[in-house]
Structure formats: structure tokens, C-alpha cells
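Source file: model-v2.cif. Holds: mmCIF, C-alpha atoms.
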```cif
data_coords
loop_
_atom_site.group_PDB
_atom_site.id
_atom_site.type_symbol
_atom_site.label_atom_id
_atom_site.label_comp_id
_atom_site.auth_asym_id
_atom_site.auth_seq_id
_atom_site.Cartn_x
_atom_site.Cartn_y
_atom_site.Cartn_z
ATOM 1 C CA LEU A 1 0.000 0.000 0.000
ATOM 2 C CA THR A 2 0.996 3.597 -0.394
ATOM 3 C CA PRO A 3 1.302 6.229 2.350
ATOM 4 C CA ALA A 4 -1.831 7.885 0.896
ATOM 5 C CA SER A 5 -4.025 4.859 1.569
ATOM 6 C CA SER A 6 -5.714 4.301 4.915
ATOM 7 C CA SER A 7 -5.929 1.176 7.051
ATOM 8 C CA ARG A 8 -9.728 1.362 6.755
ATOM 9 C CA TRP A 9 -9.455 1.210 2.952
ATOM 10 C CA ALA A 10 -6.975 -1.691 3.140
ATOM 11 C CA GLY A 11 -9.238 -3.478 5.643
ATOM 12 C CA SER A 12 -12.226 -3.180 3.344
ATOM 13 C CA ILE A 13 -10.240 -4.713 0.471
ATOM 14 C CA THR A 14 -9.046 -7.543 2.708
ATOM 15 C CA LYS A 15 -12.593 -8.209 3.986
ATOM 16 C CA ALA A 16 -14.018 -8.268 0.469
ATOM 17 C CA THR A 17 -11.327 -10.718 -0.627
ATOM 18 C CA HIS A 18 -11.958 -13.005 2.328
ATOM 19 C CA ASP A 19 -15.731 -12.847 1.803
ATOM 20 C CA GLN A 20 -15.323 -13.784 -1.861
ATOM 21 C CA TRP A 21 -13.057 -16.704 -0.938
ATOM 22 C CA ALA A 22 -15.548 -17.949 1.677
ATOM 23 C CA LEU A 23 -18.405 -17.745 -0.821
ATOM 24 C CA ALA A 24 -16.412 -19.736 -3.360
ATOM 25 C CA ARG A 25 -15.672 -22.447 -0.765
ATOM 26 C CA ARG A 26 -19.350 -22.668 0.248
ATOM 27 C CA CYS A 27 -20.414 -22.957 -3.385
ATOM 28 C CA GLN A 28 -17.796 -25.641 -4.010
ATOM 29 C CA LEU A 29 -19.037 -27.630 -0.999
ATOM 30 C CA ALA A 30 -22.642 -27.323 -2.184
ATOM 31 C CA HIS A 31 -21.605 -28.493 -5.656
ATOM 32 C CA ILE A 32 -19.819 -31.523 -4.196
ATOM 33 C CA GLN A 33 -22.843 -32.382 -2.048
ATOM 34 C CA ASN A 34 -25.142 -32.142 -5.090
ATOM 35 C CA LEU A 35 -22.852 -34.434 -7.079
ATOM 36 C CA GLU A 36 -22.772 -36.967 -4.232
ATOM 37 C CA ALA A 37 -26.574 -36.901 -3.938
ATOM 38 C CA GLY A 38 -26.935 -37.479 -7.682
ATOM 39 C CA ILE A 39 -24.454 -40.347 -7.608
ATOM 40 C CA ARG A 40 -26.332 -41.975 -4.715
ATOM 41 C CA ALA A 41 -29.723 -41.604 -6.403
ATOM 42 C CA ILE A 42 -28.599 -42.967 -9.765
ATOM 43 C CA GLY A 43 -26.577 -45.750 -8.141
ATOM 44 C CA ASP A 44 -29.561 -46.882 -6.077
ATOM 45 C CA ARG A 45 -31.799 -47.065 -9.130
ATOM 46 C CA LEU A 46 -29.158 -48.801 -11.249
ATOM 47 C CA ALA A 47 -28.908 -51.525 -8.596
ATOM 48 C CA LEU A 48 -32.572 -52.412 -9.131
ATOM 49 C CA PRO A 49 -33.783 -54.620 -11.990
ATOM 50 C CA VAL A 50 -34.991 -52.870 -15.137
ATOM 51 C CA GLY A 51 -38.728 -52.194 -14.982
ATOM 52 C CA GLU A 52 -39.131 -52.779 -11.235
ATOM 53 C CA ARG A 53 -41.911 -50.674 -9.773
ATOM 54 C CA GLY A 54 -41.202 -48.185 -7.046
ATOM 55 C CA THR A 55 -42.871 -47.651 -3.697
ATOM 56 C CA LYS A 56 -44.055 -44.505 -1.961
ATOM 57 C CA ARG A 57 -40.681 -44.197 -0.239
ATOM 58 C CA ALA A 58 -38.255 -45.267 -2.958
ATOM 59 C CA PRO A 59 -38.173 -45.060 -6.747
ATOM 60 C CA GLY A 60 -38.084 -48.226 -8.792
ATOM 61 C CA GLY A 61 -35.636 -49.316 -11.441
ATOM 62 C CA TYR A 62 -35.303 -47.609 -14.792
ATOM 63 C CA ARG A 63 -38.038 -48.331 -17.317
ATOM 64 C CA SER A 64 -35.942 -49.671 -20.143
ATOM 65 C CA ARG A 65 -32.510 -51.067 -20.850
ATOM 66 C CA ARG A 66 -31.794 -47.991 -22.956
ATOM 67 C CA GLU A 67 -32.586 -45.642 -20.075
ATOM 68 C CA TRP A 68 -30.500 -47.809 -17.716
ATOM 69 C CA HIS A 69 -27.546 -47.552 -20.092
ATOM 70 C CA ALA A 70 -27.892 -43.769 -20.418
ATOM 71 C CA LYS A 71 -27.989 -43.373 -16.656
ATOM 72 C CA SER A 72 -24.963 -45.602 -16.177
ATOM 73 C CA ARG A 73 -23.041 -43.283 -18.506
ATOM 74 C CA ARG A 74 -24.383 -40.266 -16.595
ATOM 75 C CA LEU A 75 -23.159 -41.864 -13.367
ATOM 76 C CA ARG A 76 -19.653 -42.081 -14.800
ATOM 77 C CA VAL A 77 -19.751 -38.389 -15.765
ATOM 78 C CA LEU A 78 -20.871 -37.417 -12.256
ATOM 79 C CA ARG A 79 -18.119 -39.486 -10.668
ATOM 80 C CA ASP A 80 -15.533 -37.814 -12.906
ATOM 81 C CA ARG A 81 -16.851 -34.373 -11.972
ATOM 82 C CA LEU A 82 -16.733 -35.288 -8.291
ATOM 83 C CA ALA A 83 -13.126 -36.445 -8.630
ATOM 84 C CA ALA A 84 -12.255 -33.133 -10.314
ATOM 85 C CA ALA A 85 -14.021 -31.108 -7.623
#
```
Kindly present the structure from the file in C-alpha cells form.
Amino acid sequence: LTPASSSRWAGSITKATHDQWALARRCQLAHIQNLEAGIRAIGDRLALPVGERGTKRAPGGYRSRREWHAKSRRLRVLRDRLAAA
């Protein structure tokens, strides 16, 4: 800093920087939690047989083999994104 700048001005810059960093960390954590929830949901449904009906508490299996295959590929994408995050 220069002699013309005040400690109040420097403090406001420091606070803004720290606030931005904290926001980025919170958003990253939320993103990771969303990825984990998606992986769990897809993994649970992939474990069920194709065409199995769901209950009030839990969804059933995927309707077709084609949908099952698409979701298995989606699961791989989510796992890769989680590893990167």
C-alpha cells in the first residue's frame, strides 16, 4: 500500500477478498454435495432390476434397458466431476 491509503481502505479490500473466498468455498461444498446426492440416487436405481416398480418411499428401477444404459453413462460423468471437484 501507499502512504496515501488508509488502514480502513486496506481493511475493506481484505474483507471483500476473504468474503469472496468464503463464498467460493461454500459454493464448491454445495456443488460436491449435489454431485454426491446425484451419484447416490442414480446408483440406487441402477442396482434395481430394469422395470421394477417403485414404492411410496423409494423409486423403482429404470423403465428400459436404454434408459438404464444412459444413466450408467451419466453416473460415470458425475463421478468424474466429483473427482475433479
Q: Could you tell me which of A:Ile13, A:Ala83, A:Leu75, A:Ile42 comes closest to Tyr62 of chain A if we count all atoms listed in the file?
A: A:Ile42
Q: Using all atoms listed in the file, determine which residues lie at most 10 Å from Leu82 of chain A, disregarding the query and same-chain residues fewer than 2 positions distant; provide the list as a count of residues only.
A: 14
Q: Using only C-alpha atoms, collect all residues at a distance of at most 7 Å from (-30.2, -53.3, -16.3) as written in the file, then present them as an NGL selection string.
A: :A and (46 or 49-50 or 65 or 68)
Q: Place a sphere of radius 9 Å on (-32.8, -43.3, -10.5) in the file coordinates and name every protein, DNA or RNA residue with an atom inside or on its surface, counting all atoms listed in the file; give the answer as a ChimeraX atom specification.
A: /A:38,40-46,59-62,68,71
Q. Distance atom CA of Ala37 of chain A-atom CA of Gln20 of chain A, one decimal place?
A.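 Taking atom CA of Ala37 of chain A and atom CA of Gln20 of chain A, their separation equals 25.8 Å.
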Q | atom CA of Ala30 of chain A to atom CA of Arg81 of chain A, straight-line distance in Å | A |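 Value for the atom CA of Arg81 of chain A-atom CA of Ala30 of chain A distance: 13.4 Å.
Between atom CA of Leu48 of chain A and atom CA of Ser64 of chain A there is a distance of 11.8 Å.
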To box segment 14-29 of chain A, take all atoms listed in the file, fit an axis-aligned box, add 6 Å on each side, and give centre and edge lengths in Å to one decimal, as AutoDock Vina command-line options.
```
--center_x -14.7 --center_y -17.6 --center_z 0.0 --size_x 23.4 --size_y 32.1 --size_z 20.0
```
